[in-house]
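So this block is work-v9.txt, compact mmCIF, C-alpha atoms and all ligand atoms:
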# COMPACT_ATOMS: atom_id res chain seq x y z
CA MET A 1 -7.26 0.85 28.63
CA THR A 2 -5.09 -2.18 29.28
CA ALA A 3 -3.62 -2.80 25.80
CA ARG A 4 -0.24 -1.43 24.81
CA LEU A 5 -0.64 1.39 22.29
CA ILE A 6 1.32 0.94 19.05
CA ASP A 7 2.13 4.55 18.20
CA GLY A 8 2.41 4.97 14.42
CA ASN A 9 3.53 8.59 14.73
CA ALA A 10 6.45 7.76 17.04
CA LEU A 11 7.55 4.77 14.92
CA SER A 12 7.24 6.90 11.78
CA ARG A 13 9.48 9.60 13.24
CA GLN A 14 12.14 6.98 13.96
CA ILE A 15 11.98 5.39 10.48
CA ARG A 16 11.79 8.78 8.72
CA ALA A 17 14.96 9.90 10.52
CA GLU A 18 16.71 6.84 9.02
CA VAL A 19 15.23 7.68 5.59
CA ALA A 20 16.54 11.26 5.89
CA GLU A 21 20.05 9.94 6.65
CA ARG A 22 19.95 7.60 3.66
CA ALA A 23 18.60 10.42 1.44
CA ALA A 24 21.42 12.73 2.55
CA ALA A 25 24.04 10.05 1.88
CA LEU A 26 22.66 9.38 -1.60
CA THR A 27 22.43 13.09 -2.38
CA ALA A 28 26.07 13.51 -1.32
CA ARG A 29 26.91 10.80 -3.88
CA GLY A 30 25.09 12.78 -6.59
CA THR A 31 21.67 11.09 -6.61
CA THR A 32 18.80 12.86 -4.89
CA PRO A 33 16.00 10.30 -4.45
CA GLY A 34 12.94 11.43 -6.40
CA LEU A 35 9.25 10.55 -6.20
CA ALA A 36 6.65 11.55 -8.80
CA VAL A 37 3.03 11.65 -7.69
CA ILE A 38 0.31 11.90 -10.31
CA VAL A 39 -3.23 12.84 -9.40
CA VAL A 40 -6.07 13.00 -11.92
CA GLY A 41 -9.35 14.77 -11.13
CA ASP A 42 -10.36 16.67 -8.02
CA ASN A 43 -11.14 14.02 -5.42
CA PRO A 44 -10.72 15.95 -2.12
CA ALA A 45 -9.40 12.91 -0.18
CA SER A 46 -6.79 12.26 -2.91
CA ALA A 47 -5.66 15.89 -2.68
CA VAL A 48 -5.01 15.51 1.08
CA TYR A 49 -3.13 12.19 0.65
CA VAL A 50 -1.00 13.60 -2.16
CA ARG A 51 -0.16 16.76 -0.20
CA ASN A 52 0.90 14.65 2.80
CA LYS A 53 3.11 12.43 0.63
CA VAL A 54 4.81 15.37 -1.07
CA LYS A 55 5.38 17.12 2.28
CA ALA A 56 6.84 13.93 3.80
CA CYS A 57 9.32 13.79 0.90
CA GLN A 58 10.33 17.43 1.33
CA ASP A 59 10.75 17.03 5.11
CA ASN A 60 13.11 14.10 4.69
CA GLY A 61 15.41 15.19 1.88
CA LEU A 62 13.66 13.53 -1.07
CA HIS A 63 12.89 15.37 -4.28
CA SER A 64 9.20 15.18 -5.20
CA VAL A 65 7.20 16.18 -8.22
CA MET A 66 3.43 16.49 -8.02
CA GLU A 67 1.57 16.42 -11.30
CA ALA A 68 -2.14 17.28 -11.10
CA TYR A 69 -4.32 16.80 -14.16
CA PRO A 70 -8.00 17.51 -14.82
CA ALA A 71 -10.54 14.66 -14.75
CA THR A 72 -10.81 15.06 -18.53
CA MET A 73 -7.26 13.75 -19.06
CA SER A 74 -7.40 10.80 -21.45
CA GLU A 75 -6.04 7.36 -20.63
CA ALA A 76 -3.53 7.67 -23.50
CA GLU A 77 -2.22 10.98 -22.11
CA LEU A 78 -1.81 9.48 -18.64
CA LEU A 79 -0.01 6.40 -20.00
CA ALA A 80 2.33 8.70 -21.94
CA ARG A 81 3.16 10.64 -18.74
CA VAL A 82 3.91 7.41 -16.87
CA GLU A 83 6.13 6.22 -19.73
CA ALA A 84 8.05 9.52 -19.66
CA LEU A 85 8.60 9.21 -15.89
CA ASN A 86 9.75 5.59 -16.35
CA VAL A 87 12.79 6.89 -18.24
CA ASP A 88 13.35 10.08 -16.21
CA PRO A 89 16.64 9.54 -14.33
CA THR A 90 15.71 12.06 -11.59
CA ILE A 91 12.62 10.01 -10.65
CA HIS A 92 13.04 6.72 -8.74
CA GLY A 93 9.46 6.14 -7.61
CA ILE A 94 6.16 6.71 -9.44
CA LEU A 95 2.83 6.80 -7.69
CA VAL A 96 -0.50 7.28 -9.42
CA GLN A 97 -3.05 8.24 -6.80
CA LEU A 98 -6.20 6.10 -6.88
CA PRO A 99 -9.09 6.30 -7.58
CA LEU A 100 -8.80 7.39 -11.20
CA PRO A 101 -11.75 8.76 -13.20
CA PRO A 102 -13.98 5.94 -14.55
CA HIS A 103 -12.85 6.33 -18.19
CA ILE A 104 -9.27 5.39 -17.20
CA ASP A 105 -8.36 1.74 -16.63
CA ALA A 106 -6.40 1.82 -13.34
CA HIS A 107 -4.94 -1.66 -13.96
CA LYS A 108 -3.54 -0.57 -17.32
CA VAL A 109 -1.98 2.52 -15.73
CA ILE A 110 -0.38 0.56 -12.87
CA GLU A 111 0.96 -2.07 -15.29
CA THR A 112 2.60 0.74 -17.28
CA ILE A 113 4.70 1.86 -14.28
CA SER A 114 8.16 0.29 -14.44
CA PRO A 115 8.39 -2.39 -11.69
CA LEU A 116 11.74 -0.76 -10.80
CA LYS A 117 9.83 2.42 -9.87
CA ASP A 118 6.67 0.74 -8.50
CA VAL A 119 7.05 2.16 -4.97
CA ASP A 120 3.35 1.57 -4.20
CA GLY A 121 3.93 -2.15 -4.85
CA PHE A 122 0.69 -2.48 -6.85
CA HIS A 123 2.17 -3.76 -10.17
CA VAL A 124 1.37 -7.43 -10.91
CA ALA A 125 5.13 -8.05 -11.03
CA SER A 126 5.41 -6.78 -7.43
CA ALA A 127 2.33 -8.76 -6.35
CA GLY A 128 3.66 -11.90 -8.06
CA ALA A 129 7.09 -11.47 -6.49
CA LEU A 130 5.49 -11.21 -3.06
CA MET A 131 3.50 -14.37 -3.77
CA VAL A 132 6.57 -16.42 -4.73
CA GLY A 133 8.90 -14.92 -2.13
CA GLN A 134 11.09 -12.82 -4.43
CA GLU A 135 12.50 -9.38 -3.69
CA ALA A 136 10.14 -6.55 -4.75
CA PHE A 137 8.45 -3.44 -3.43
CA ARG A 138 5.92 -4.31 -0.76
CA PRO A 139 2.64 -2.35 -0.72
CA CYS A 140 3.11 0.47 1.79
CA THR A 141 0.15 -0.13 4.12
CA PRO A 142 0.77 -3.85 4.83
CA TYR A 143 4.51 -3.18 4.95
CA GLY A 144 3.84 -0.55 7.62
CA CYS A 145 1.65 -3.00 9.58
CA MET A 146 4.53 -5.52 9.60
CA LYS A 147 6.88 -2.81 10.91
CA MET A 148 4.38 -2.04 13.68
CA LEU A 149 4.33 -5.71 14.74
CA GLU A 150 8.13 -5.77 14.68
CA SER A 151 8.26 -2.59 16.79
CA ILE A 152 6.55 -4.34 19.71
CA GLY A 153 8.55 -7.54 19.32
CA CYS A 154 5.57 -9.48 17.91
CA ASP A 155 7.04 -12.22 15.71
CA PRO A 156 4.22 -13.74 13.60
CA ARG A 157 5.99 -17.15 13.44
CA GLY A 158 3.65 -19.85 14.73
CA LYS A 159 0.88 -17.37 15.47
CA HIS A 160 -2.62 -17.41 14.04
CA ALA A 161 -3.26 -14.19 12.12
CA VAL A 162 -6.70 -13.20 10.89
CA VAL A 163 -6.88 -10.58 8.15
CA ILE A 164 -10.32 -9.02 7.64
CA GLY A 165 -10.53 -7.75 4.06
CA ARG A 166 -9.08 -9.11 0.81
CA SER A 167 -8.38 -6.06 -1.34
CA ASN A 168 -5.38 -6.12 -3.68
CA ILE A 169 -3.81 -3.15 -1.90
CA VAL A 170 -4.26 -4.14 1.75
CA GLY A 171 -5.88 -7.48 2.67
CA LYS A 172 -4.21 -9.85 0.18
CA PRO A 173 -0.65 -8.48 0.46
CA MET A 174 -1.07 -8.29 4.25
CA ALA A 175 -1.94 -11.99 4.30
CA MET A 176 1.08 -12.78 2.07
CA LEU A 177 3.48 -10.85 4.30
CA LEU A 178 2.17 -12.59 7.42
CA LEU A 179 2.44 -15.95 5.66
CA ALA A 180 6.01 -15.14 4.61
CA ALA A 181 6.69 -14.38 8.29
CA ASN A 182 5.46 -17.91 9.16
CA ALA A 183 2.06 -17.07 10.62
CA THR A 184 -0.92 -19.34 10.01
CA VAL A 185 -3.22 -17.00 8.12
CA THR A 186 -6.98 -16.82 7.77
CA ILE A 187 -8.46 -14.27 5.35
CA CYS A 188 -12.03 -13.12 6.05
CA HIS A 189 -14.27 -11.04 3.77
CA SER A 190 -17.86 -10.00 3.19
CA ALA A 191 -18.96 -13.59 2.48
CA THR A 192 -17.42 -14.99 5.68
CA PRO A 193 -20.46 -16.26 7.62
CA ASP A 194 -19.21 -15.98 11.22
CA LEU A 195 -16.41 -13.44 11.47
CA ALA A 196 -16.22 -13.60 15.27
CA HIS A 197 -15.61 -17.38 15.14
CA HIS A 198 -12.34 -16.66 13.31
CA THR A 199 -11.23 -13.50 15.11
CA ARG A 200 -11.69 -15.11 18.56
CA GLN A 201 -8.99 -17.65 17.68
CA ALA A 202 -6.51 -15.04 16.44
CA ASP A 203 -3.24 -13.97 18.06
CA ILE A 204 -2.97 -11.16 15.48
CA ILE A 205 -5.95 -9.41 13.86
CA VAL A 206 -5.64 -6.94 10.98
CA ALA A 207 -8.88 -5.12 10.17
CA ALA A 208 -8.98 -3.61 6.65
CA VAL A 209 -12.64 -3.25 5.76
CA GLY A 210 -13.71 0.39 5.74
CA ARG A 211 -16.63 -0.02 8.18
CA ARG A 212 -16.85 1.17 11.78
CA ASN A 213 -17.06 -1.34 14.63
CA VAL A 214 -16.38 -4.40 12.46
CA LEU A 215 -14.32 -5.67 15.39
CA THR A 216 -15.71 -5.38 18.92
CA ALA A 217 -14.32 -6.54 22.28
CA ASP A 218 -16.36 -9.78 22.35
CA MET A 219 -14.66 -10.86 19.08
CA VAL A 220 -11.09 -10.62 20.44
CA LYS A 221 -9.04 -13.16 22.39
CA PRO A 222 -7.46 -11.60 25.50
CA GLY A 223 -3.91 -10.48 24.71
CA ALA A 224 -4.28 -10.47 20.91
CA VAL A 225 -2.48 -7.82 18.85
CA VAL A 226 -4.94 -5.69 16.87
CA ILE A 227 -3.94 -3.58 13.85
CA ASP A 228 -6.63 -1.22 12.57
CA VAL A 229 -6.19 -0.18 8.93
CA GLY A 230 -9.70 1.25 8.46
CA MET A 231 -10.37 4.93 7.89
CA ASN A 232 -13.94 5.97 8.54
CA ARG A 233 -15.85 8.89 10.04
CA ASN A 234 -17.82 8.60 13.28
CA ASP A 235 -21.12 10.37 14.02
CA GLU A 236 -19.23 13.53 14.99
CA GLY A 237 -17.35 13.45 11.68
CA LYS A 238 -14.06 12.47 13.34
CA LEU A 239 -11.66 9.98 11.78
CA CYS A 240 -12.02 6.47 13.22
CA GLY A 241 -10.99 2.95 12.28
CA ASP A 242 -12.77 -0.37 11.81
CA VAL A 243 -12.18 -1.38 15.42
CA ASP A 244 -14.24 -0.34 18.45
CA PHE A 245 -11.09 1.09 20.00
CA ALA A 246 -12.37 1.80 23.53
CA GLY A 247 -13.81 -1.70 23.98
CA VAL A 248 -11.09 -3.70 22.23
CA ALA A 249 -8.31 -1.82 24.07
CA GLU A 250 -9.62 -3.42 27.30
CA VAL A 251 -9.10 -6.95 25.93
CA ALA A 252 -6.23 -6.79 23.44
CA GLY A 253 -2.54 -7.02 24.33
CA ALA A 254 -1.61 -4.26 21.89
CA ILE A 255 -3.59 -2.05 19.53
CA THR A 256 -3.05 0.68 16.92
CA PRO A 257 -5.06 3.90 17.23
CA VAL A 258 -6.87 5.77 14.43
CA PRO A 259 -5.67 8.41 13.78
CA GLY A 260 -1.97 8.05 14.59
CA GLY A 261 -1.56 4.37 13.74
CA VAL A 262 -1.34 2.78 10.30
CA GLY A 263 -1.97 6.07 8.41
CA PRO A 264 1.41 7.73 9.08
CA MET A 265 3.17 4.38 8.62
CA THR A 266 1.78 4.05 5.07
CA ILE A 267 3.46 7.30 4.03
CA THR A 268 6.64 6.36 5.88
CA MET A 269 6.93 3.08 3.99
CA LEU A 270 6.42 4.95 0.72
CA LEU A 271 9.53 6.97 1.61
CA VAL A 272 11.40 3.75 2.48
CA ASN A 273 10.45 2.18 -0.87
CA THR A 274 11.50 5.32 -2.74
CA ILE A 275 14.89 5.40 -1.00
CA GLU A 276 15.37 1.72 -1.82
CA ALA A 277 14.51 2.37 -5.48
CA ALA A 278 17.00 5.27 -5.60
CA GLU A 279 19.73 3.23 -3.89
CA ARG A 280 19.23 0.39 -6.39
CA ALA A 281 19.32 2.85 -9.33
CA ALA A 282 22.50 4.43 -7.97
CA GLY A 283 24.08 0.98 -7.60
P1 LIG B 1 -11.81 -2.32 -0.09
O1 LIG B 1 -11.12 -2.50 -1.38
O2 LIG B 1 -13.18 -1.72 -0.07
O3 LIG B 1 -11.88 -3.75 0.62
C1 LIG B 1 -12.63 -3.96 1.78
C2 LIG B 1 -12.62 -5.41 2.13
O4 LIG B 1 -13.44 -5.61 3.28
C3 LIG B 1 -13.20 -6.32 1.04
O5 LIG B 1 -12.34 -7.41 0.85
C4 LIG B 1 -14.56 -6.74 1.58
O6 LIG B 1 -14.93 -8.05 1.23
C5 LIG B 1 -14.29 -6.74 3.08
N1 LIG B 1 -15.53 -6.58 3.85
C6 LIG B 1 -16.54 -5.72 3.64
N2 LIG B 1 -17.50 -5.87 4.57
C7 LIG B 1 -17.07 -6.86 5.39
C8 LIG B 1 -17.62 -7.49 6.54
N3 LIG B 1 -18.79 -7.12 7.05
N4 LIG B 1 -16.90 -8.46 7.13
C9 LIG B 1 -15.69 -8.85 6.65
N5 LIG B 1 -15.12 -8.28 5.55
C10 LIG B 1 -15.81 -7.30 4.94
O7 LIG B 1 -10.95 -1.44 0.94
P2 LIG B 1 -9.35 -1.30 1.12
O8 LIG B 1 -8.82 -0.47 0.03
O9 LIG B 1 -8.75 -2.62 1.40
O10 LIG B 1 -9.34 -0.43 2.45
C11 LIG B 1 -9.91 -0.91 3.65
C12 LIG B 1 -9.95 0.22 4.66
O11 LIG B 1 -8.61 0.61 4.94
C13 LIG B 1 -10.66 1.49 4.20
O12 LIG B 1 -11.25 2.11 5.32
C14 LIG B 1 -9.53 2.35 3.69
O13 LIG B 1 -9.85 3.73 3.75
C15 LIG B 1 -8.46 2.00 4.68
N6 LIG B 1 -7.09 2.21 4.20
C16 LIG B 1 -6.26 2.85 5.05
C17 LIG B 1 -4.96 3.06 4.70
C18 LIG B 1 -4.06 3.77 5.66
O14 LIG B 1 -3.02 4.23 5.27
N7 LIG B 1 -4.44 3.85 6.93
C19 LIG B 1 -4.47 2.62 3.46
C20 LIG B 1 -5.34 1.92 2.61
C21 LIG B 1 -6.66 1.71 3.00
P3 LIG B 1 -15.25 -8.48 -0.31
O15 LIG B 1 -13.92 -8.64 -0.97
O16 LIG B 1 -15.97 -9.75 -0.16
O17 LIG B 1 -16.06 -7.35 -0.89
Take the structure in this file and express it as structure tokens.
Amino acid sequence: MTARLIDGNALSRQIRAEVAERAAALTARGTTPGLAVIVVGDNPASAVYVRNKVKACQDNGLHSVMEAYPATMSEAELLARVEALNVDPTIHGILVQLPLPPHIDAHKVIETISPLKDVDGFHVASAGALMVGQEAFRPCTPYGCMKMLESIGCDPRGKHAVVIGRSNIVGKPMAMLLLAANATVTICHSATPDLAHHTRQADIIVAAVGRRNVLTADMVKPGAVVIDVGMNRNDEGKLCGDVDFAGVAEVAGAITPVPGGVGPMTITMLLVNTIEAAERAAG
């Protein structure tokens, strides 16, 4: 492997230590930062994510409340819970774990979260603020990717960044953050006819598709920085990303691994957003 490894676990430890200091300082001033996590139904992946988020809060001095409801919970009941948390002074961040059962409109639920407590950054007010360059919570995964670029001294200014994927939670906000950092941004998706044509010109590639080997060594310019957001399973059932890591690591200048890359950074940036929300609430 010739590429520099961008270690999400190491960077997370560093940022979480700063979060813990800020949490301790706020607590000493009488405000313990609080995160509420709501999960509806029994999706096994959601249960793991939620457990990891709650544990990360506990480990770093944040107060966390986990509310688990059966899949039969009605949309009205869920909206009422969110509204109650919006006015709960001990809670500074609210996260509703997706996906929600099909009878619940996820957009409606997210729009009910107060933008002041929207630590996932999924509310249209947060998305709109990102679009027009105003202060707001940035979605945790793209925010973490930007921190990873920063950690290796990769300034996107003047660089060509290619984002593969255009979801509202990863691809689109990722492209907006790179644009705000003065990159020239290309967004690719399932209807892009020749993906390799775009990726071969990129100085920075962010893969957020959810399919193994979307990016292989022949599609990467030597020296490019490659961020792998994907979470998939390989034939042995092990966690892997969207990028053919072994091959691309021989061509790229820097690369994130899966696991141990973007995943831990996503949770870390959730803690950062929650601390920021608590600091703002405490004045
Ligand atoms: P998503 O909503 O399914 O979006 C996937 C995107 O990939 C879509 O925009 C889709 O295009 C595009 N796409 C599909 N096939 C493609 C192809 N062959 N070439 C180019 N683009 C293609 O997924 P997501 O929520 O953004 O998540 C993406 C991946 O990141 C998943 O593996 C997810 O598990 C992972 N993830 C990881 C973290 C983390 O913390 N590490 C956080 C969030 C997500 P269309 O829009 O045209 O359909």
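The nearest approach to A:Pro259 among the residues A:Arg280, A:His103, A:Arg16, A:Arg233, with only C-alpha atoms taken into account, belongs to A:Arg233.
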Near stretch 80-87 of chain A, counting only C-alpha atoms, which residues have an atom at most 8 Å away, once you skip same-chain residues fewer than 5 positions from it, shown as a list of chain:residue names?
A:Ala36, A:Ile94, A:Val109, A:Thr112, A:Ile113, A:Ser114, A:Lys117
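Nearest residue to A:Ala129, choosing from A:Leu177, A:Ala47, A:Leu95, A:Leu35 and counting all atoms listed in the file: A:Leu177.
Candidate residues A:Gly121, A:Val226, A:Ala183, A:Gln58 were compared for distance to A:Ile255, and the nearest is A:Val226, using all atoms listed in the file.
Our summary of the geometry notes that atom CA of A:Gly230 is positioned 7.3 Å from atom C20 of ligand LIG 1 (chain B).
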